[in-house]
>>> print(open('structure00.txt').read())   # compact mmCIF, N, CA and C atoms
# COMPACT_ATOMS: atom_id res chain seq x y z
N MET D 15 14.44 4.42 -18.43
CA MET D 15 14.40 2.97 -18.62
C MET D 15 13.89 2.28 -17.36
N ALA D 16 12.90 1.45 -17.52
CA ALA D 16 12.36 0.69 -16.39
C ALA D 16 13.30 -0.45 -16.03
N LEU D 17 13.43 -0.71 -14.73
CA LEU D 17 14.20 -1.87 -14.29
C LEU D 17 13.43 -3.12 -14.68
N LYS D 18 14.16 -4.15 -15.09
CA LYS D 18 13.52 -5.37 -15.56
C LYS D 18 14.23 -6.59 -14.97
N THR D 19 13.65 -7.75 -15.20
CA THR D 19 14.24 -9.00 -14.73
C THR D 19 15.69 -9.08 -15.20
N GLY D 20 16.59 -9.42 -14.27
CA GLY D 20 18.01 -9.52 -14.56
C GLY D 20 18.80 -8.28 -14.18
N ASP D 21 18.11 -7.16 -13.98
CA ASP D 21 18.80 -5.92 -13.56
C ASP D 21 19.11 -5.96 -12.08
N THR D 22 20.19 -5.29 -11.70
CA THR D 22 20.52 -5.10 -10.29
C THR D 22 19.93 -3.77 -9.85
N VAL D 23 19.25 -3.78 -8.71
CA VAL D 23 18.64 -2.55 -8.20
C VAL D 23 19.73 -1.60 -7.71
N PRO D 24 19.75 -0.36 -8.21
CA PRO D 24 20.75 0.60 -7.73
C PRO D 24 20.48 1.00 -6.28
N LYS D 25 21.52 1.47 -5.61
CA LYS D 25 21.38 1.93 -4.23
C LYS D 25 20.47 3.16 -4.19
N PHE D 26 19.70 3.27 -3.11
CA PHE D 26 18.83 4.43 -2.92
C PHE D 26 18.60 4.66 -1.43
N THR D 27 18.09 5.82 -1.12
CA THR D 27 17.67 6.14 0.24
C THR D 27 16.25 6.67 0.18
N ALA D 28 15.53 6.53 1.30
CA ALA D 28 14.16 7.04 1.41
C ALA D 28 13.82 7.14 2.89
N LYS D 29 12.75 7.84 3.19
CA LYS D 29 12.31 7.94 4.58
C LYS D 29 11.38 6.80 4.93
N GLU D 30 11.69 6.15 6.05
CA GLU D 30 10.81 5.12 6.61
C GLU D 30 9.63 5.82 7.29
N ALA D 31 8.60 5.05 7.61
CA ALA D 31 7.44 5.59 8.33
C ALA D 31 7.86 6.22 9.65
N SER D 32 8.92 5.70 10.27
CA SER D 32 9.40 6.24 11.54
C SER D 32 10.08 7.60 11.38
N GLY D 33 10.38 7.96 10.13
CA GLY D 33 11.11 9.19 9.87
C GLY D 33 12.60 8.96 9.68
N ALA D 34 13.08 7.76 10.04
CA ALA D 34 14.49 7.42 9.86
C ALA D 34 14.80 7.28 8.37
N VAL D 35 16.05 7.47 8.03
CA VAL D 35 16.48 7.31 6.65
C VAL D 35 16.80 5.83 6.40
N PHE D 36 16.15 5.27 5.39
CA PHE D 36 16.39 3.90 4.98
C PHE D 36 17.45 3.91 3.89
N GLU D 37 18.46 3.10 4.07
CA GLU D 37 19.49 2.94 3.04
C GLU D 37 19.32 1.55 2.45
N SER D 38 19.10 1.48 1.15
CA SER D 38 18.76 0.22 0.50
C SER D 38 19.79 -0.87 0.74
N ASP D 39 21.06 -0.52 0.80
CA ASP D 39 22.08 -1.56 0.98
C ASP D 39 22.10 -2.16 2.38
N SER D 40 21.21 -1.67 3.26
CA SER D 40 21.08 -2.29 4.58
C SER D 40 20.31 -3.61 4.48
N VAL D 41 19.57 -3.79 3.39
CA VAL D 41 18.77 -5.00 3.18
C VAL D 41 19.07 -5.62 1.81
N ILE D 42 18.99 -4.80 0.77
CA ILE D 42 19.18 -5.28 -0.60
C ILE D 42 20.64 -5.69 -0.79
N GLY D 43 20.81 -6.89 -1.31
CA GLY D 43 22.16 -7.44 -1.46
C GLY D 43 22.56 -8.30 -0.28
N LYS D 44 21.70 -8.37 0.72
CA LYS D 44 21.95 -9.20 1.90
C LYS D 44 20.94 -10.33 2.03
N LYS D 45 19.72 -10.08 1.54
CA LYS D 45 18.67 -11.10 1.58
C LYS D 45 17.70 -10.83 0.44
N ALA D 46 16.84 -11.80 0.15
CA ALA D 46 15.83 -11.61 -0.88
C ALA D 46 14.82 -10.56 -0.38
N VAL D 47 14.32 -9.76 -1.31
CA VAL D 47 13.41 -8.67 -0.96
C VAL D 47 12.30 -8.56 -1.99
N ILE D 48 11.09 -8.30 -1.51
CA ILE D 48 9.98 -7.90 -2.37
C ILE D 48 9.81 -6.40 -2.14
N ILE D 49 9.91 -5.65 -3.22
CA ILE D 49 9.63 -4.20 -3.18
C ILE D 49 8.37 -3.99 -3.99
N TYR D 50 7.36 -3.45 -3.33
CA TYR D 50 6.13 -3.20 -4.08
C TYR D 50 5.76 -1.73 -4.02
N PHE D 51 5.48 -1.18 -5.19
CA PHE D 51 5.01 0.20 -5.34
C PHE D 51 3.49 0.16 -5.44
N TYR D 52 2.85 1.03 -4.68
CA TYR D 52 1.38 1.07 -4.69
C TYR D 52 0.94 2.52 -4.71
N PRO D 53 -0.29 2.79 -5.19
CA PRO D 53 -0.73 4.18 -5.36
C PRO D 53 -0.92 5.00 -4.09
N LYS D 54 -1.66 4.47 -3.07
CA LYS D 54 -2.03 5.34 -1.95
C LYS D 54 -2.43 4.53 -0.72
N ASP D 55 -1.96 4.99 0.45
CA ASP D 55 -2.34 4.38 1.72
C ASP D 55 -3.86 4.40 1.91
N ASP D 56 -4.36 3.33 2.53
CA ASP D 56 -5.74 3.27 3.02
C ASP D 56 -6.80 3.45 1.94
N THR D 57 -6.50 2.98 0.74
CA THR D 57 -7.51 2.89 -0.31
C THR D 57 -7.84 1.40 -0.48
N PRO D 58 -8.98 1.04 -1.03
CA PRO D 58 -9.40 -0.37 -1.03
C PRO D 58 -8.37 -1.36 -1.60
N GLN D 59 -7.89 -1.15 -2.81
CA GLN D 59 -6.94 -2.09 -3.42
C GLN D 59 -5.59 -2.09 -2.69
N CYS D 60 -5.15 -0.91 -2.29
CA CYS D 60 -3.86 -0.81 -1.60
C CYS D 60 -3.92 -1.45 -0.22
N THR D 61 -5.04 -1.30 0.46
CA THR D 61 -5.21 -1.94 1.77
C THR D 61 -5.27 -3.45 1.61
N ALA D 62 -6.00 -3.93 0.60
CA ALA D 62 -6.08 -5.38 0.36
C ALA D 62 -4.69 -5.94 0.07
N GLN D 63 -3.91 -5.22 -0.72
CA GLN D 63 -2.57 -5.67 -1.05
C GLN D 63 -1.68 -5.71 0.19
N ALA D 64 -1.66 -4.62 0.95
CA ALA D 64 -0.84 -4.55 2.16
C ALA D 64 -1.24 -5.64 3.16
N CYS D 65 -2.54 -5.83 3.33
CA CYS D 65 -3.02 -6.86 4.27
C CYS D 65 -2.72 -8.26 3.75
N GLY D 66 -2.70 -8.43 2.44
CA GLY D 66 -2.31 -9.72 1.86
C GLY D 66 -0.86 -10.03 2.17
N PHE D 67 0.02 -9.04 2.02
CA PHE D 67 1.42 -9.24 2.39
C PHE D 67 1.54 -9.47 3.89
N ARG D 68 0.75 -8.74 4.68
CA ARG D 68 0.77 -8.93 6.14
C ARG D 68 0.32 -10.34 6.51
N ASP D 69 -0.78 -10.79 5.92
CA ASP D 69 -1.34 -12.09 6.28
C ASP D 69 -0.42 -13.25 5.88
N ASN D 70 0.44 -13.02 4.92
CA ASN D 70 1.37 -14.06 4.46
C ASN D 70 2.81 -13.76 4.88
N TYR D 71 2.97 -12.78 5.76
CA TYR D 71 4.31 -12.32 6.13
C TYR D 71 5.16 -13.45 6.71
N ALA D 72 4.59 -14.28 7.57
CA ALA D 72 5.35 -15.38 8.18
C ALA D 72 5.89 -16.32 7.09
N GLU D 73 5.09 -16.58 6.07
CA GLU D 73 5.55 -17.44 4.98
C GLU D 73 6.71 -16.79 4.23
N PHE D 74 6.59 -15.48 3.97
CA PHE D 74 7.69 -14.78 3.29
C PHE D 74 8.96 -14.83 4.13
N VAL D 75 8.84 -14.58 5.43
CA VAL D 75 10.00 -14.63 6.33
C VAL D 75 10.60 -16.03 6.32
N ASP D 76 9.76 -17.06 6.38
CA ASP D 76 10.25 -18.44 6.33
C ASP D 76 11.00 -18.73 5.04
N LEU D 77 10.62 -18.06 3.96
CA LEU D 77 11.29 -18.21 2.67
C LEU D 77 12.53 -17.30 2.56
N GLY D 78 12.80 -16.54 3.63
CA GLY D 78 13.98 -15.67 3.66
C GLY D 78 13.81 -14.36 2.92
N VAL D 79 12.56 -13.88 2.81
CA VAL D 79 12.26 -12.69 2.02
C VAL D 79 11.73 -11.57 2.91
N GLU D 80 12.29 -10.37 2.73
CA GLU D 80 11.79 -9.18 3.41
C GLU D 80 10.85 -8.45 2.45
N ILE D 81 9.91 -7.69 3.00
CA ILE D 81 8.94 -6.94 2.19
C ILE D 81 9.09 -5.46 2.48
N ILE D 82 9.06 -4.66 1.41
CA ILE D 82 9.12 -3.20 1.52
C ILE D 82 8.05 -2.62 0.60
N GLY D 83 7.16 -1.81 1.16
CA GLY D 83 6.14 -1.12 0.38
C GLY D 83 6.55 0.33 0.16
N ILE D 84 6.25 0.88 -1.02
CA ILE D 84 6.63 2.25 -1.36
C ILE D 84 5.45 2.96 -2.02
N SER D 85 5.13 4.14 -1.50
CA SER D 85 4.16 5.02 -2.16
C SER D 85 4.61 6.46 -1.93
N SER D 86 3.91 7.38 -2.53
CA SER D 86 4.29 8.79 -2.38
C SER D 86 3.69 9.43 -1.13
N ASP D 87 2.96 8.63 -0.33
CA ASP D 87 2.40 9.16 0.92
C ASP D 87 3.52 9.58 1.87
N ASP D 88 3.22 10.55 2.74
CA ASP D 88 4.24 11.01 3.69
C ASP D 88 4.34 10.06 4.89
N VAL D 89 5.33 10.31 5.73
CA VAL D 89 5.58 9.40 6.86
C VAL D 89 4.40 9.34 7.82
N ASN D 90 3.68 10.43 8.02
CA ASN D 90 2.52 10.41 8.91
C ASN D 90 1.42 9.50 8.38
N SER D 91 1.19 9.54 7.08
CA SER D 91 0.20 8.67 6.47
C SER D 91 0.63 7.21 6.61
N HIS D 92 1.91 6.94 6.38
CA HIS D 92 2.44 5.58 6.53
C HIS D 92 2.31 5.09 7.97
N GLN D 93 2.60 5.96 8.93
CA GLN D 93 2.48 5.56 10.35
C GLN D 93 1.05 5.14 10.67
N GLU D 94 0.09 5.92 10.21
CA GLU D 94 -1.32 5.61 10.44
C GLU D 94 -1.72 4.30 9.75
N PHE D 95 -1.27 4.12 8.51
CA PHE D 95 -1.58 2.92 7.73
C PHE D 95 -1.01 1.68 8.42
N ILE D 96 0.23 1.76 8.88
CA ILE D 96 0.87 0.65 9.60
C ILE D 96 0.11 0.34 10.88
N ARG D 97 -0.23 1.38 11.63
CA ARG D 97 -0.92 1.18 12.91
C ARG D 97 -2.32 0.59 12.70
N LYS D 98 -3.05 1.15 11.76
CA LYS D 98 -4.44 0.74 11.52
C LYS D 98 -4.54 -0.73 11.09
N TYR D 99 -3.56 -1.21 10.31
CA TYR D 99 -3.64 -2.56 9.76
C TYR D 99 -2.55 -3.51 10.28
N ASN D 100 -1.82 -3.08 11.33
CA ASN D 100 -0.77 -3.93 11.93
C ASN D 100 0.20 -4.47 10.88
N LEU D 101 0.73 -3.59 10.06
CA LEU D 101 1.64 -4.02 9.01
C LEU D 101 3.03 -4.26 9.61
N PRO D 102 3.60 -5.46 9.42
CA PRO D 102 4.87 -5.81 10.05
C PRO D 102 6.11 -5.50 9.22
N PHE D 103 5.94 -4.81 8.09
CA PHE D 103 7.07 -4.55 7.18
C PHE D 103 7.23 -3.05 6.96
N LEU D 104 8.35 -2.69 6.35
CA LEU D 104 8.67 -1.28 6.11
C LEU D 104 7.78 -0.67 5.03
N LEU D 105 7.39 0.57 5.26
CA LEU D 105 6.80 1.39 4.22
C LEU D 105 7.72 2.59 4.05
N LEU D 106 8.07 2.88 2.81
CA LEU D 106 8.94 4.00 2.50
C LEU D 106 8.16 5.09 1.80
N SER D 107 8.51 6.33 2.13
CA SER D 107 7.87 7.49 1.51
C SER D 107 8.67 7.93 0.29
N ASP D 108 7.97 8.04 -0.82
CA ASP D 108 8.58 8.48 -2.08
C ASP D 108 7.87 9.75 -2.53
N SER D 109 7.83 10.73 -1.64
CA SER D 109 7.03 11.94 -1.88
C SER D 109 7.48 12.72 -3.12
N ASP D 110 8.76 12.61 -3.48
CA ASP D 110 9.22 13.32 -4.68
C ASP D 110 9.21 12.42 -5.93
N LYS D 111 8.72 11.19 -5.75
CA LYS D 111 8.59 10.20 -6.83
C LYS D 111 9.93 9.81 -7.45
N ALA D 112 11.03 10.05 -6.73
CA ALA D 112 12.36 9.69 -7.23
C ALA D 112 12.53 8.18 -7.36
N LEU D 113 11.94 7.42 -6.42
CA LEU D 113 12.07 5.96 -6.49
C LEU D 113 11.25 5.39 -7.64
N ARG D 114 10.05 5.95 -7.85
CA ARG D 114 9.24 5.51 -9.01
C ARG D 114 10.03 5.74 -10.30
N LYS D 115 10.70 6.87 -10.36
CA LYS D 115 11.49 7.20 -11.55
C LYS D 115 12.69 6.26 -11.66
N LEU D 116 13.38 6.00 -10.54
CA LEU D 116 14.54 5.12 -10.53
C LEU D 116 14.18 3.72 -11.03
N PHE D 117 13.04 3.20 -10.57
CA PHE D 117 12.60 1.86 -10.96
C PHE D 117 11.88 1.87 -12.32
N GLY D 118 11.40 3.04 -12.74
CA GLY D 118 10.66 3.13 -14.00
C GLY D 118 9.25 2.62 -13.88
N VAL D 119 8.62 2.84 -12.72
CA VAL D 119 7.25 2.39 -12.50
C VAL D 119 6.31 3.26 -13.34
N PRO D 120 5.55 2.63 -14.25
CA PRO D 120 4.66 3.41 -15.10
C PRO D 120 3.40 3.85 -14.35
N SER D 121 2.79 4.90 -14.86
CA SER D 121 1.49 5.32 -14.33
C SER D 121 0.42 4.43 -14.93
N ALA D 122 -0.76 4.46 -14.31
CA ALA D 122 -1.87 3.63 -14.78
C ALA D 122 -3.05 4.53 -15.15
N PHE D 123 -4.02 3.93 -15.80
CA PHE D 123 -5.25 4.63 -16.17
C PHE D 123 -4.96 5.99 -16.82
N LEU D 124 -4.28 5.91 -17.97
CA LEU D 124 -3.96 7.10 -18.78
C LEU D 124 -3.15 8.13 -18.00
N GLY D 125 -2.31 7.65 -17.09
CA GLY D 125 -1.45 8.55 -16.33
C GLY D 125 -2.10 9.21 -15.14
N LEU D 126 -3.35 8.81 -14.83
CA LEU D 126 -4.08 9.44 -13.74
C LEU D 126 -3.70 8.89 -12.37
N LEU D 127 -3.22 7.65 -12.31
CA LEU D 127 -2.87 7.02 -11.04
C LEU D 127 -1.42 6.54 -11.07
N PRO D 128 -0.75 6.60 -9.93
CA PRO D 128 0.57 5.96 -9.86
C PRO D 128 0.39 4.46 -10.06
N GLY D 129 1.32 3.83 -10.76
CA GLY D 129 1.21 2.41 -11.03
C GLY D 129 1.43 1.53 -9.81
N ARG D 130 1.06 0.25 -9.97
CA ARG D 130 1.23 -0.76 -8.92
C ARG D 130 2.12 -1.85 -9.52
N VAL D 131 3.38 -1.88 -9.09
CA VAL D 131 4.35 -2.83 -9.62
C VAL D 131 5.11 -3.44 -8.46
N THR D 132 5.33 -4.76 -8.53
CA THR D 132 6.07 -5.48 -7.50
C THR D 132 7.31 -6.12 -8.11
N TYR D 133 8.42 -5.98 -7.38
CA TYR D 133 9.71 -6.52 -7.80
C TYR D 133 10.16 -7.57 -6.79
N LEU D 134 10.59 -8.72 -7.29
CA LEU D 134 11.20 -9.74 -6.45
C LEU D 134 12.69 -9.73 -6.72
N LEU D 135 13.48 -9.46 -5.67
CA LEU D 135 14.93 -9.40 -5.78
C LEU D 135 15.54 -10.59 -5.06
N ASP D 136 16.58 -11.17 -5.64
CA ASP D 136 17.28 -12.24 -4.95
C ASP D 136 18.23 -11.63 -3.92
N LYS D 137 18.97 -12.48 -3.20
CA LYS D 137 19.83 -11.98 -2.12
C LYS D 137 21.00 -11.13 -2.63
N ASN D 138 21.22 -11.12 -3.95
CA ASN D 138 22.26 -10.28 -4.52
C ASN D 138 21.72 -8.95 -5.05
N GLY D 139 20.42 -8.74 -4.90
CA GLY D 139 19.81 -7.49 -5.38
C GLY D 139 19.45 -7.52 -6.85
N VAL D 140 19.43 -8.72 -7.45
CA VAL D 140 19.08 -8.87 -8.86
C VAL D 140 17.59 -9.18 -8.97
N ILE D 141 16.91 -8.46 -9.86
CA ILE D 141 15.47 -8.64 -10.03
C ILE D 141 15.19 -9.99 -10.69
N GLN D 142 14.37 -10.80 -10.01
CA GLN D 142 13.99 -12.12 -10.51
C GLN D 142 12.62 -12.11 -11.17
N MET D 143 11.79 -11.12 -10.81
CA MET D 143 10.44 -11.03 -11.37
C MET D 143 9.93 -9.61 -11.21
N VAL D 144 9.20 -9.15 -12.22
CA VAL D 144 8.49 -7.87 -12.16
C VAL D 144 7.04 -8.17 -12.48
N PHE D 145 6.14 -7.73 -11.59
CA PHE D 145 4.72 -7.96 -11.81
C PHE D 145 3.98 -6.63 -11.75
N ASP D 146 3.25 -6.33 -12.83
CA ASP D 146 2.55 -5.05 -12.98
C ASP D 146 1.07 -5.32 -13.16
N SER D 147 0.27 -4.95 -12.16
CA SER D 147 -1.19 -5.10 -12.24
C SER D 147 -1.82 -4.14 -11.24
N MET D 148 -2.92 -3.55 -11.60
CA MET D 148 -3.61 -2.66 -10.67
C MET D 148 -4.42 -3.45 -9.63
N LEU D 149 -4.53 -4.75 -9.78
CA LEU D 149 -5.25 -5.58 -8.81
C LEU D 149 -4.28 -6.02 -7.72
N GLY D 150 -4.42 -5.41 -6.55
CA GLY D 150 -3.47 -5.57 -5.45
C GLY D 150 -3.24 -6.99 -4.98
N MET D 151 -4.29 -7.78 -4.83
CA MET D 151 -4.13 -9.12 -4.28
C MET D 151 -3.40 -10.07 -5.23
N LYS D 152 -3.41 -9.79 -6.51
CA LYS D 152 -2.68 -10.64 -7.46
C LYS D 152 -1.18 -10.61 -7.18
N HIS D 153 -0.69 -9.49 -6.66
CA HIS D 153 0.74 -9.34 -6.40
C HIS D 153 1.22 -10.34 -5.35
N VAL D 154 0.47 -10.48 -4.28
CA VAL D 154 0.83 -11.39 -3.20
C VAL D 154 0.87 -12.83 -3.74
N LYS D 155 -0.17 -13.21 -4.46
CA LYS D 155 -0.26 -14.56 -5.01
C LYS D 155 0.89 -14.85 -5.97
N LYS D 156 1.20 -13.90 -6.86
CA LYS D 156 2.28 -14.09 -7.84
C LYS D 156 3.64 -14.25 -7.14
N MET D 157 3.87 -13.49 -6.08
CA MET D 157 5.15 -13.59 -5.38
C MET D 157 5.28 -14.94 -4.67
N ILE D 158 4.21 -15.40 -4.05
CA ILE D 158 4.25 -16.72 -3.38
C ILE D 158 4.47 -17.81 -4.42
N GLU D 159 3.76 -17.73 -5.54
CA GLU D 159 3.93 -18.73 -6.61
C GLU D 159 5.38 -18.77 -7.08
N LYS D 160 5.97 -17.62 -7.33
CA LYS D 160 7.35 -17.56 -7.84
C LYS D 160 8.34 -18.10 -6.80
N LEU D 161 8.14 -17.77 -5.55
CA LEU D 161 9.06 -18.19 -4.49
C LEU D 161 8.96 -19.68 -4.18
N THR D 162 7.82 -20.29 -4.48
CA THR D 162 7.63 -21.70 -4.11
C THR D 162 7.63 -22.63 -5.31
N GLU D 163 7.96 -22.12 -6.49
CA GLU D 163 7.96 -22.98 -7.69
C GLU D 163 9.16 -23.90 -7.71
>>> encode(input="structure00.txt", output="structure tokens")
Amino acid sequence: MALKTGDTVPKFTAKEASGAVFESDSVIGKKAVIIYFYPKDDTPQCTAQACGFRDNYAEFVDLGVEIIGISSDDVNSHQEFIRKYNLPFLLLSDSDKALRKLFGVPSAFLGLLPGRVTYLLDKNGVIQMVFDSMLGMKHVKKMIEKLTE
């Protein structure tokens, strides 16, 4: 079952780009969070999406929202992606795809690509919006629209 608007995100752990273990309850349930799943580091759409979140990061912070990106890339790939594009937010490695399964993120293009889905959580960890589109920049715009409506 895919997580949907109104659901509370269950607790989870994953590896941060630094190699440290991220525990979801360190952030989720304490402040609003955008969690976005994307297919692969350093590909055109994924880079545009990450840079869009980066370029608007100050606005998200001003709105009290933290951003977390998740893909199946390993920590080394995430470290390079963060360094190359000066990404100011966490990237988590989901190499075993357990988080995709937990959230119910669907595959795209007949199952050939991991899906691109963004979740907006309120400060209680309840999903306020789910946005599913393979066009990376639409995710940033939709999150800003929802947060400022």
>>> closest_residue(input="structure00.txt", among="D:Tyr50, D:Asp108, D:Lys45, D:Ala31", to="Glu94 (chain D)", atoms="only C-alpha atoms")
D:Ala31
>>> select_by_dssp(input="structure00.txt", residues="chain D", states="helix (DSSP H, G or I)", output="compact mmCIF listing (two decimals) with N, CA and C atoms, keeping the file's coordinate frame")
# COMPACT_ATOMS: atom_id res chain seq x y z
N SER D 38 19.10 1.48 1.15
CA SER D 38 18.76 0.22 0.50
C SER D 38 19.79 -0.87 0.74
N ASP D 39 21.06 -0.52 0.80
CA ASP D 39 22.08 -1.56 0.98
C ASP D 39 22.10 -2.16 2.38
N SER D 40 21.21 -1.67 3.26
CA SER D 40 21.08 -2.29 4.58
C SER D 40 20.31 -3.61 4.48
N PRO D 58 -8.98 1.04 -1.03
CA PRO D 58 -9.40 -0.37 -1.03
C PRO D 58 -8.37 -1.36 -1.60
N GLN D 59 -7.89 -1.15 -2.81
CA GLN D 59 -6.94 -2.09 -3.42
C GLN D 59 -5.59 -2.09 -2.69
N CYS D 60 -5.15 -0.91 -2.29
CA CYS D 60 -3.86 -0.81 -1.60
C CYS D 60 -3.92 -1.45 -0.22
N THR D 61 -5.04 -1.30 0.46
CA THR D 61 -5.21 -1.94 1.77
C THR D 61 -5.27 -3.45 1.61
N ALA D 62 -6.00 -3.93 0.60
CA ALA D 62 -6.08 -5.38 0.36
C ALA D 62 -4.69 -5.94 0.07
N GLN D 63 -3.91 -5.22 -0.72
CA GLN D 63 -2.57 -5.67 -1.05
C GLN D 63 -1.68 -5.71 0.19
N ALA D 64 -1.66 -4.62 0.95
CA ALA D 64 -0.84 -4.55 2.16
C ALA D 64 -1.24 -5.64 3.16
N CYS D 65 -2.54 -5.83 3.33
CA CYS D 65 -3.02 -6.86 4.27
C CYS D 65 -2.72 -8.26 3.75
N GLY D 66 -2.70 -8.43 2.44
CA GLY D 66 -2.31 -9.72 1.86
C GLY D 66 -0.86 -10.03 2.17
N PHE D 67 0.02 -9.04 2.02
CA PHE D 67 1.42 -9.24 2.39
C PHE D 67 1.54 -9.47 3.89
N ARG D 68 0.75 -8.74 4.68
CA ARG D 68 0.77 -8.93 6.14
C ARG D 68 0.32 -10.34 6.51
N ASP D 69 -0.78 -10.79 5.92
CA ASP D 69 -1.34 -12.09 6.28
C ASP D 69 -0.42 -13.25 5.88
N TYR D 71 2.97 -12.78 5.76
CA TYR D 71 4.31 -12.32 6.13
C TYR D 71 5.16 -13.45 6.71
N ALA D 72 4.59 -14.28 7.57
CA ALA D 72 5.35 -15.38 8.18
C ALA D 72 5.89 -16.32 7.09
N GLU D 73 5.09 -16.58 6.07
CA GLU D 73 5.55 -17.44 4.98
C GLU D 73 6.71 -16.79 4.23
N PHE D 74 6.59 -15.48 3.97
CA PHE D 74 7.69 -14.78 3.29
C PHE D 74 8.96 -14.83 4.13
N VAL D 75 8.84 -14.58 5.43
CA VAL D 75 10.00 -14.63 6.33
C VAL D 75 10.60 -16.03 6.32
N ASP D 76 9.76 -17.06 6.38
CA ASP D 76 10.25 -18.44 6.33
C ASP D 76 11.00 -18.73 5.04
N VAL D 89 5.33 10.31 5.73
CA VAL D 89 5.58 9.40 6.86
C VAL D 89 4.40 9.34 7.82
N ASN D 90 3.68 10.43 8.02
CA ASN D 90 2.52 10.41 8.91
C ASN D 90 1.42 9.50 8.38
N SER D 91 1.19 9.54 7.08
CA SER D 91 0.20 8.67 6.47
C SER D 91 0.63 7.21 6.61
N HIS D 92 1.91 6.94 6.38
CA HIS D 92 2.44 5.58 6.53
C HIS D 92 2.31 5.09 7.97
N GLN D 93 2.60 5.96 8.93
CA GLN D 93 2.48 5.56 10.35
C GLN D 93 1.05 5.14 10.67
N GLU D 94 0.09 5.92 10.21
CA GLU D 94 -1.32 5.61 10.44
C GLU D 94 -1.72 4.30 9.75
N PHE D 95 -1.27 4.12 8.51
CA PHE D 95 -1.58 2.92 7.73
C PHE D 95 -1.01 1.68 8.42
N ILE D 96 0.23 1.76 8.88
CA ILE D 96 0.87 0.65 9.60
C ILE D 96 0.11 0.34 10.88
N ARG D 97 -0.23 1.38 11.63
CA ARG D 97 -0.92 1.18 12.91
C ARG D 97 -2.32 0.59 12.70
N LYS D 98 -3.05 1.15 11.76
CA LYS D 98 -4.44 0.74 11.52
C LYS D 98 -4.54 -0.73 11.09
N TYR D 99 -3.56 -1.21 10.31
CA TYR D 99 -3.64 -2.56 9.76
C TYR D 99 -2.55 -3.51 10.28
N ALA D 112 11.03 10.05 -6.73
CA ALA D 112 12.36 9.69 -7.23
C ALA D 112 12.53 8.18 -7.36
N LEU D 113 11.94 7.42 -6.42
CA LEU D 113 12.07 5.96 -6.49
C LEU D 113 11.25 5.39 -7.64
N ARG D 114 10.05 5.95 -7.85
CA ARG D 114 9.24 5.51 -9.01
C ARG D 114 10.03 5.74 -10.30
N LYS D 115 10.70 6.87 -10.36
CA LYS D 115 11.49 7.20 -11.55
C LYS D 115 12.69 6.26 -11.66
N LEU D 116 13.38 6.00 -10.54
CA LEU D 116 14.54 5.12 -10.53
C LEU D 116 14.18 3.72 -11.03
N PHE D 117 13.04 3.20 -10.57
CA PHE D 117 12.60 1.86 -10.96
C PHE D 117 11.88 1.87 -12.32
N GLY D 150 -4.42 -5.41 -6.55
CA GLY D 150 -3.47 -5.57 -5.45
C GLY D 150 -3.24 -6.99 -4.98
N MET D 151 -4.29 -7.78 -4.83
CA MET D 151 -4.13 -9.12 -4.28
C MET D 151 -3.40 -10.07 -5.23
N LYS D 152 -3.41 -9.79 -6.51
CA LYS D 152 -2.68 -10.64 -7.46
C LYS D 152 -1.18 -10.61 -7.18
N HIS D 153 -0.69 -9.49 -6.66
CA HIS D 153 0.74 -9.34 -6.40
C HIS D 153 1.22 -10.34 -5.35
N VAL D 154 0.47 -10.48 -4.28
CA VAL D 154 0.83 -11.39 -3.20
C VAL D 154 0.87 -12.83 -3.74
N LYS D 155 -0.17 -13.21 -4.46
CA LYS D 155 -0.26 -14.56 -5.01
C LYS D 155 0.89 -14.85 -5.97
N LYS D 156 1.20 -13.90 -6.86
CA LYS D 156 2.28 -14.09 -7.84
C LYS D 156 3.64 -14.25 -7.14
N MET D 157 3.87 -13.49 -6.08
CA MET D 157 5.15 -13.59 -5.38
C MET D 157 5.28 -14.94 -4.67
N ILE D 158 4.21 -15.40 -4.05
CA ILE D 158 4.25 -16.72 -3.38
C ILE D 158 4.47 -17.81 -4.42
N GLU D 159 3.76 -17.73 -5.54
CA GLU D 159 3.93 -18.73 -6.61
C GLU D 159 5.38 -18.77 -7.08
N LYS D 160 5.97 -17.62 -7.33
CA LYS D 160 7.35 -17.56 -7.84
C LYS D 160 8.34 -18.10 -6.80
N LEU D 161 8.14 -17.77 -5.55
CA LEU D 161 9.06 -18.19 -4.49
C LEU D 161 8.96 -19.68 -4.18
N THR D 162 7.82 -20.29 -4.48
CA THR D 162 7.63 -21.70 -4.11
C THR D 162 7.63 -22.63 -5.31
>>> residues_around(input="structure00.txt", residues="region 109-111 of chain D", least_positions_apart="2", cutoff="7 Å", atoms="all atoms listed in the file", output="VMD selection string")
chain D and resid 85 to 88 106 to 107 113 to 116
>>> residues_around(input="structure00.txt", residues="region 27-29 of chain D", least_positions_apart="5", cutoff="5 Å", atoms="all atoms listed in the file", output="list of chain:residue names")
D:Ala34, D:Val35, D:Phe36, D:Glu37, D:Ser38, D:Leu106, D:Ser107
>>> write_last_selection(input="structure00.txt", atoms="N, CA and C atoms", output="compact mmCIF listing (two decimals), keeping the file's coordinate frame")
# COMPACT_ATOMS: atom_id res chain seq x y z
N ALA D 34 13.08 7.76 10.04
CA ALA D 34 14.49 7.42 9.86
C ALA D 34 14.80 7.28 8.37
N VAL D 35 16.05 7.47 8.03
CA VAL D 35 16.48 7.31 6.65
C VAL D 35 16.80 5.83 6.40
N PHE D 36 16.15 5.27 5.39
CA PHE D 36 16.39 3.90 4.98
C PHE D 36 17.45 3.91 3.89
N GLU D 37 18.46 3.10 4.07
CA GLU D 37 19.49 2.94 3.04
C GLU D 37 19.32 1.55 2.45
N SER D 38 19.10 1.48 1.15
CA SER D 38 18.76 0.22 0.50
C SER D 38 19.79 -0.87 0.74
N LEU D 106 8.07 2.88 2.81
CA LEU D 106 8.94 4.00 2.50
C LEU D 106 8.16 5.09 1.80
N SER D 107 8.51 6.33 2.13
CA SER D 107 7.87 7.49 1.51
C SER D 107 8.67 7.93 0.29
>>> atom_distance(input="structure00.txt", atom1="atom N of His92 (chain D)", atom2="atom N of Gly66 (chain D)")
16.5 Å
